[in-house]
file entry-v7.pdb (PDB, C-alpha atoms, pLDDT in the B column)
ATOM      1  CA  GLN A   1     -49.027   6.483   3.403  1.00 84.00           C
ATOM      2  CA  LEU A   2     -45.613   8.124   3.562  1.00 88.00           C
ATOM      3  CA  GLN A   3     -45.865  11.657   2.273  1.00 92.00           C
ATOM      4  CA  LEU A   4     -44.093  15.017   2.202  1.00 96.00           C
ATOM      5  CA  VAL A   5     -46.239  18.077   1.531  1.00 96.00           C
ATOM      6  CA  GLU A   6     -44.828  21.452   0.570  1.00 98.00           C
ATOM      7  CA  SER A   7     -46.504  24.761   1.372  1.00 98.00           C
ATOM      8  CA  GLY A   8     -45.779  28.436   1.888  1.00 98.00           C
ATOM      9  CA  GLY A   9     -45.124  29.662  -1.626  1.00 98.00           C
ATOM     10  CA  GLY A  10     -46.555  32.832  -3.071  1.00 98.00           C
ATOM     11  CA  LEU A  11     -45.897  36.081  -4.873  1.00 98.00           C
ATOM     12  CA  VAL A  12     -43.288  38.350  -3.329  1.00 98.00           C
ATOM     13  CA  GLN A  13     -41.428  41.438  -4.446  1.00 98.00           C
ATOM     14  CA  PRO A  14     -37.679  41.369  -4.996  1.00 98.00           C
ATOM     15  CA  GLY A  15     -35.922  41.724  -1.675  1.00 98.00           C
ATOM     16  CA  GLY A  16     -38.807  40.118   0.166  1.00 98.00           C
ATOM     17  CA  SER A  17     -38.988  36.943   2.228  1.00 98.00           C
ATOM     18  CA  LEU A  18     -40.921  33.702   2.315  1.00 98.00           C
ATOM     19  CA  THR A  19     -40.798  30.615   4.498  1.00 98.00           C
ATOM     20  CA  LEU A  20     -41.546  27.274   2.905  1.00 98.00           C
ATOM     21  CA  SER A  21     -42.657  24.252   4.901  1.00 98.00           C
ATOM     22  CA  CYS A  22     -42.210  20.571   4.175  1.00 98.00           C
ATOM     23  CA  ARG A  23     -44.412  18.501   6.452  1.00 97.00           C
ATOM     24  CA  ALA A  24     -44.057  14.752   6.758  1.00 95.00           C
ATOM     25  CA  SER A  25     -46.910  12.398   7.384  1.00 93.00           C
ATOM     26  CA  GLY A  26     -46.879   8.665   7.912  1.00 92.00           C
ATOM     27  CA  PHE A  27     -43.272   8.531   9.085  1.00 91.00           C
ATOM     28  CA  ASN A  28     -40.788  10.124  11.461  1.00 91.00           C
ATOM     29  CA  LEU A  29     -38.786  12.816   9.707  1.00 90.00           C
ATOM     30  CA  ASP A  30     -35.952  12.614  12.263  1.00 88.00           C
ATOM     31  CA  PHE A  31     -34.152   9.828  10.417  1.00 91.00           C
ATOM     32  CA  TYR A  32     -34.106  11.362   6.956  1.00 94.00           C
ATOM     33  CA  ALA A  33     -31.964  13.923   5.207  1.00 96.00           C
ATOM     34  CA  ILE A  34     -34.337  16.324   3.486  1.00 97.00           C
ATOM     35  CA  GLY A  35     -33.602  18.553   0.546  1.00 97.00           C
ATOM     36  CA  TRP A  36     -35.294  21.485  -1.124  1.00 98.00           C
ATOM     37  CA  PHE A  37     -35.258  21.571  -4.911  1.00 98.00           C
ATOM     38  CA  ARG A  38     -36.619  24.068  -7.392  1.00 98.00           C
ATOM     39  CA  GLN A  39     -37.531  24.138 -11.024  1.00 98.00           C
ATOM     40  CA  ALA A  40     -37.522  27.483 -12.761  1.00 96.00           C
ATOM     41  CA  PRO A  41     -39.513  27.959 -15.976  1.00 91.00           C
ATOM     42  CA  GLY A  42     -37.674  26.332 -18.856  1.00 93.00           C
ATOM     43  CA  LYS A  43     -34.906  24.967 -16.658  1.00 96.00           C
ATOM     44  CA  GLU A  44     -34.013  21.665 -15.074  1.00 96.00           C
ATOM     45  CA  ARG A  45     -34.787  21.020 -11.460  1.00 96.00           C
ATOM     46  CA  GLU A  46     -31.874  21.843  -9.153  1.00 97.00           C
ATOM     47  CA  GLY A  47     -31.002  21.170  -5.548  1.00 97.00           C
ATOM     48  CA  VAL A  48     -31.137  24.326  -3.453  1.00 98.00           C
ATOM     49  CA  SER A  49     -30.494  23.182   0.093  1.00 98.00           C
ATOM     50  CA  CYS A  50     -30.522  20.117   2.287  1.00 98.00           C
ATOM     51  CA  ILE A  51     -30.276  19.206   5.930  1.00 97.00           C
ATOM     52  CA  SER A  52     -28.915  15.962   7.266  1.00 95.00           C
ATOM     53  CA  SER A  53     -30.560  13.689   9.770  1.00 93.00           C
ATOM     54  CA  GLY A  54     -29.091  13.570  13.240  1.00 87.00           C
ATOM     55  CA  ARG A  55     -26.883  16.631  13.688  1.00 89.00           C
ATOM     56  CA  GLY A  56     -28.816  18.607  11.093  1.00 91.00           C
ATOM     57  CA  VAL A  57     -25.838  19.738   9.007  1.00 96.00           C
ATOM     58  CA  SER A  58     -27.072  22.046   6.259  1.00 97.00           C
ATOM     59  CA  ARG A  59     -25.840  22.551   2.702  1.00 98.00           C
ATOM     60  CA  TYR A  60     -26.666  25.222   0.139  1.00 98.00           C
ATOM     61  CA  VAL A  61     -26.131  25.811  -3.531  1.00 97.00           C
ATOM     62  CA  ASP A  62     -23.876  28.824  -4.056  1.00 97.00           C
ATOM     63  CA  SER A  63     -26.626  31.028  -5.484  1.00 97.00           C
ATOM     64  CA  VAL A  64     -28.605  31.001  -2.218  1.00 98.00           C
ATOM     65  CA  LYS A  65     -25.834  30.988   0.378  1.00 98.00           C
ATOM     66  CA  GLY A  66     -26.315  33.797   2.886  1.00 98.00           C
ATOM     67  CA  ARG A  67     -29.941  34.307   1.836  1.00 98.00           C
ATOM     68  CA  PHE A  68     -31.678  30.977   2.520  1.00 98.00           C
ATOM     69  CA  THR A  69     -31.717  29.027   5.771  1.00 98.00           C
ATOM     70  CA  ILE A  70     -32.909  25.457   6.110  1.00 98.00           C
ATOM     71  CA  SER A  71     -34.025  24.106   9.467  1.00 97.00           C
ATOM     72  CA  ARG A  72     -35.933  21.202  10.910  1.00 95.00           C
ATOM     73  CA  ASP A  73     -38.408  20.897  13.744  1.00 94.00           C
ATOM     74  CA  ASN A  74     -38.587  17.222  14.558  1.00 89.00           C
ATOM     75  CA  ALA A  75     -41.410  17.731  17.040  1.00 92.00           C
ATOM     76  CA  ALA A  76     -43.497  19.245  14.240  1.00 95.00           C
ATOM     77  CA  ASN A  77     -42.189  16.677  11.740  1.00 96.00           C
ATOM     78  CA  THR A  78     -41.400  19.587   9.429  1.00 97.00           C
ATOM     79  CA  VAL A  79     -38.451  21.036   7.532  1.00 97.00           C
ATOM     80  CA  TYR A  80     -38.465  24.752   6.712  1.00 98.00           C
ATOM     81  CA  LEU A  81     -36.726  26.893   4.138  1.00 98.00           C
ATOM     82  CA  GLN A  82     -36.466  30.535   5.152  1.00 98.00           C
ATOM     83  CA  MET A  83     -35.801  32.596   2.037  1.00 98.00           C
ATOM     84  CA  ASN A  84     -34.653  36.197   2.398  1.00 98.00           C
ATOM     85  CA  SER A  85     -33.503  38.820  -0.105  1.00 98.00           C
ATOM     86  CA  LEU A  86     -35.420  37.056  -2.823  1.00 98.00           C
ATOM     87  CA  ARG A  87     -34.509  37.695  -6.431  1.00 98.00           C
ATOM     88  CA  PRO A  88     -36.471  37.198  -9.652  1.00 97.00           C
ATOM     89  CA  GLU A  89     -34.181  34.273 -10.478  1.00 97.00           C
ATOM     90  CA  ASP A  90     -35.469  32.480  -7.368  1.00 98.00           C
ATOM     91  CA  THR A  91     -38.809  32.093  -9.113  1.00 98.00           C
ATOM     92  CA  GLY A  92     -39.898  28.504  -9.596  1.00 98.00           C
ATOM     93  CA  VAL A  93     -41.727  25.551  -8.156  1.00 98.00           C
ATOM     94  CA  TYR A  94     -40.098  24.379  -4.946  1.00 98.00           C
ATOM     95  CA  TYR A  95     -40.156  20.739  -3.895  1.00 98.00           C
ATOM     96  CA  CYS A  96     -38.871  18.925  -0.849  1.00 97.00           C
ATOM     97  CA  GLY A  97     -37.764  15.348  -0.722  1.00 96.00           C
ATOM     98  CA  ASP A  98     -35.755  12.566   0.791  1.00 96.00           C
ATOM     99  CA  SER A  99     -32.231  13.372  -0.321  1.00 96.00           C
ATOM    100  CA  ARG A 100     -28.550  12.658  -0.257  1.00 96.00           C
ATOM    101  CA  CYS A 101     -26.956  15.570   1.549  1.00 96.00           C
ATOM    102  CA  GLY A 102     -23.246  16.166   1.697  1.00 94.00           C
ATOM    103  CA  VAL A 103     -20.437  18.435   0.602  1.00 93.00           C
ATOM    104  CA  GLY A 104     -21.431  19.501  -2.887  1.00 92.00           C
ATOM    105  CA  ILE A 105     -24.289  17.001  -2.868  1.00 95.00           C
ATOM    106  CA  ILE A 106     -27.977  17.884  -2.819  1.00 97.00           C
ATOM    107  CA  GLU A 107     -29.659  14.996  -4.628  1.00 96.00           C
ATOM    108  CA  LYS A 108     -33.197  13.680  -4.535  1.00 96.00           C
ATOM    109  CA  ILE A 109     -33.472   9.979  -3.744  1.00 95.00           C
ATOM    110  CA  THR A 110     -35.786   8.629  -6.424  1.00 91.00           C
ATOM    111  CA  THR A 111     -36.312   5.111  -5.111  1.00 90.00           C
ATOM    112  CA  GLY A 112     -38.207   3.761  -2.140  1.00 88.00           C
ATOM    113  CA  PRO A 113     -41.467   4.927  -0.548  1.00 88.00           C
ATOM    114  CA  LEU A 114     -40.483   8.615  -0.813  1.00 90.00           C
ATOM    115  CA  GLY A 115     -39.106   8.369  -4.327  1.00 89.00           C
ATOM    116  CA  SER A 116     -41.803  10.388  -6.064  1.00 91.00           C
ATOM    117  CA  TRP A 117     -41.939  14.151  -6.308  1.00 93.00           C
ATOM    118  CA  GLY A 118     -44.754  15.972  -4.538  1.00 92.00           C
ATOM    119  CA  GLN A 119     -46.905  18.784  -5.901  1.00 95.00           C
ATOM    120  CA  GLY A 120     -44.451  21.482  -4.918  1.00 97.00           C
ATOM    121  CA  THR A 121     -45.200  25.059  -3.994  1.00 98.00           C
ATOM    122  CA  GLN A 122     -44.928  27.966  -6.427  1.00 98.00           C
ATOM    123  CA  VAL A 123     -42.689  30.926  -5.640  1.00 98.00           C
ATOM    124  CA  VAL A 124     -42.870  34.004  -7.832  1.00 98.00           C
ATOM    125  CA  VAL A 125     -40.498  36.899  -7.225  1.00 98.00           C
ATOM    126  CA  SER A 126     -41.644  39.874  -9.218  1.00 97.00           C
ATOM    127  CA  SER A 127     -42.373  43.562  -8.873  1.00 96.00           C
TER     128      SER A 127
END
call {"tool": "encode", "arguments": {"input": "entry-v7.pdb", "output": "structure tokens"}}
result
Amino acid sequence: QLQLVESGGGLVQPGGSLTLSCRASGFNLDFYAIGWFRQAPGKEREGVSCISSGRGVSRYVDSVKGRFTISRDNAANTVYLQMNSLRPEDTGVYYCGDSRCGVGIIEKITTGPLGSWGQGTQVVVSS
């Protein structure tokens, strides 16, 4: 079964850091662009960051540029999202997924064996 599983969320104070993990099972992550998406309470889900296959070019939504870093470890079959200087508005459920990743494009691919959303991991930024 092809699966992506998110982990690493939690409660953190403003200004703090968290690292989220997106681990693949059942397939080789090397050949996929992977995105991180989040859904804040009462808001639509949005693309936060993505990393391409191959060269690993990364993209970020403006609100997280300079604070979040996406990376991939193909040996571990895992994509990470390092989140620093967290703000209350970063609160939400974070999901990873097979994505389209390009200039101004962070879009979940909703078809194929990885088309469904996973369980996500909850991030709460609060004092």
call {"tool": "atom_distance", "arguments": {"input": "entry-v7.pdb", "atom1": "CA of Ser17 in chain A", "atom2": "CA of Gly118 in chain A"}}
result
22.8 Å
call {"tool": "resolve_selection", "arguments": {"input": "entry-v7.pdb", "expression": "the PyMOL selection byres ((chain A and resi 58) around 9)", "output": "ChimeraX atom specification"}}
result
/A:49-52,56-57,59-60,69-71,101-102
call {"tool": "write_last_selection", "arguments": {"input": "entry-v7.pdb", "atoms": "C-alpha atoms", "output": "PDB file, keeping the file's coordinate frame"}}
result
ATOM      1  CA  SER A  49     -30.494  23.182   0.093  1.00 98.00           C
ATOM      2  CA  CYS A  50     -30.522  20.117   2.287  1.00 98.00           C
ATOM      3  CA  ILE A  51     -30.276  19.206   5.930  1.00 97.00           C
ATOM      4  CA  SER A  52     -28.915  15.962   7.266  1.00 95.00           C
ATOM      5  CA  GLY A  56     -28.816  18.607  11.093  1.00 91.00           C
ATOM      6  CA  VAL A  57     -25.838  19.738   9.007  1.00 96.00           C
ATOM      7  CA  ARG A  59     -25.840  22.551   2.702  1.00 98.00           C
ATOM      8  CA  TYR A  60     -26.666  25.222   0.139  1.00 98.00           C
ATOM      9  CA  THR A  69     -31.717  29.027   5.771  1.00 98.00           C
ATOM     10  CA  ILE A  70     -32.909  25.457   6.110  1.00 98.00           C
ATOM     11  CA  SER A  71     -34.025  24.106   9.467  1.00 97.00           C
ATOM     12  CA  CYS A 101     -26.956  15.570   1.549  1.00 96.00           C
ATOM     13  CA  GLY A 102     -23.246  16.166   1.697  1.00 94.00           C
TER      14      GLY A 102
END
call {"tool": "closest_residue", "arguments": {"input": "entry-v7.pdb", "among": "A:Ile34, A:Val61, A:Val5, A:Val12", "to": "Val103 in chain A", "atoms": "all atoms listed in the file"}}
result
A:Val61
call {"tool": "resolve_selection", "arguments": {"input": "entry-v7.pdb", "expression": "the PyMOL selection byres ((chain A and resi 126) around 9)", "output": "PyMOL selection string"}}
result
chain A and resi 11-14+87-88+91+124-125+127
call {"tool": "residues_around", "arguments": {"input": "entry-v7.pdb", "residues": "Gly35 in chain A", "least_positions_apart": "5", "cutoff": "8 Å", "atoms": "only C-alpha atoms", "output": "list in words"}}
result
Gly47, Val48, Ser49, Cys50, Ile51, Cys96, Gly97, Asp98, Ser99, Arg100, Cys101, Ile106, Glu107 and Lys108 of chain A
call {"tool": "residues_around", "arguments": {"input": "entry-v7.pdb", "residues": "Gly8 in chain A", "least_positions_apart": "5", "cutoff": "10 Å", "atoms": "only C-alpha atoms", "output": "list in words"}}
result
Leu18, Thr19, Leu20, Ser21, Cys22, Tyr80, Leu81, Tyr94, Gly120, Thr121, Gln122 and Val123 of chain A
call {"tool": "resolve_selection", "arguments": {"input": "entry-v7.pdb", "expression": "the PyMOL selection byres ((chain A and resi 39) around 9)", "output": "list in words"}}
result
Phe37, Arg38, Ala40, Pro41, Gly42, Lys43, Glu44, Arg45, Glu46, Thr91, Gly92, Val93, Tyr94 and Tyr95 of chain A
call {"tool": "atom_distance", "arguments": {"input": "entry-v7.pdb", "atom1": "CA of Leu114 in chain A", "atom2": "CA of Arg23 in chain A"}}
result
12.9 Å
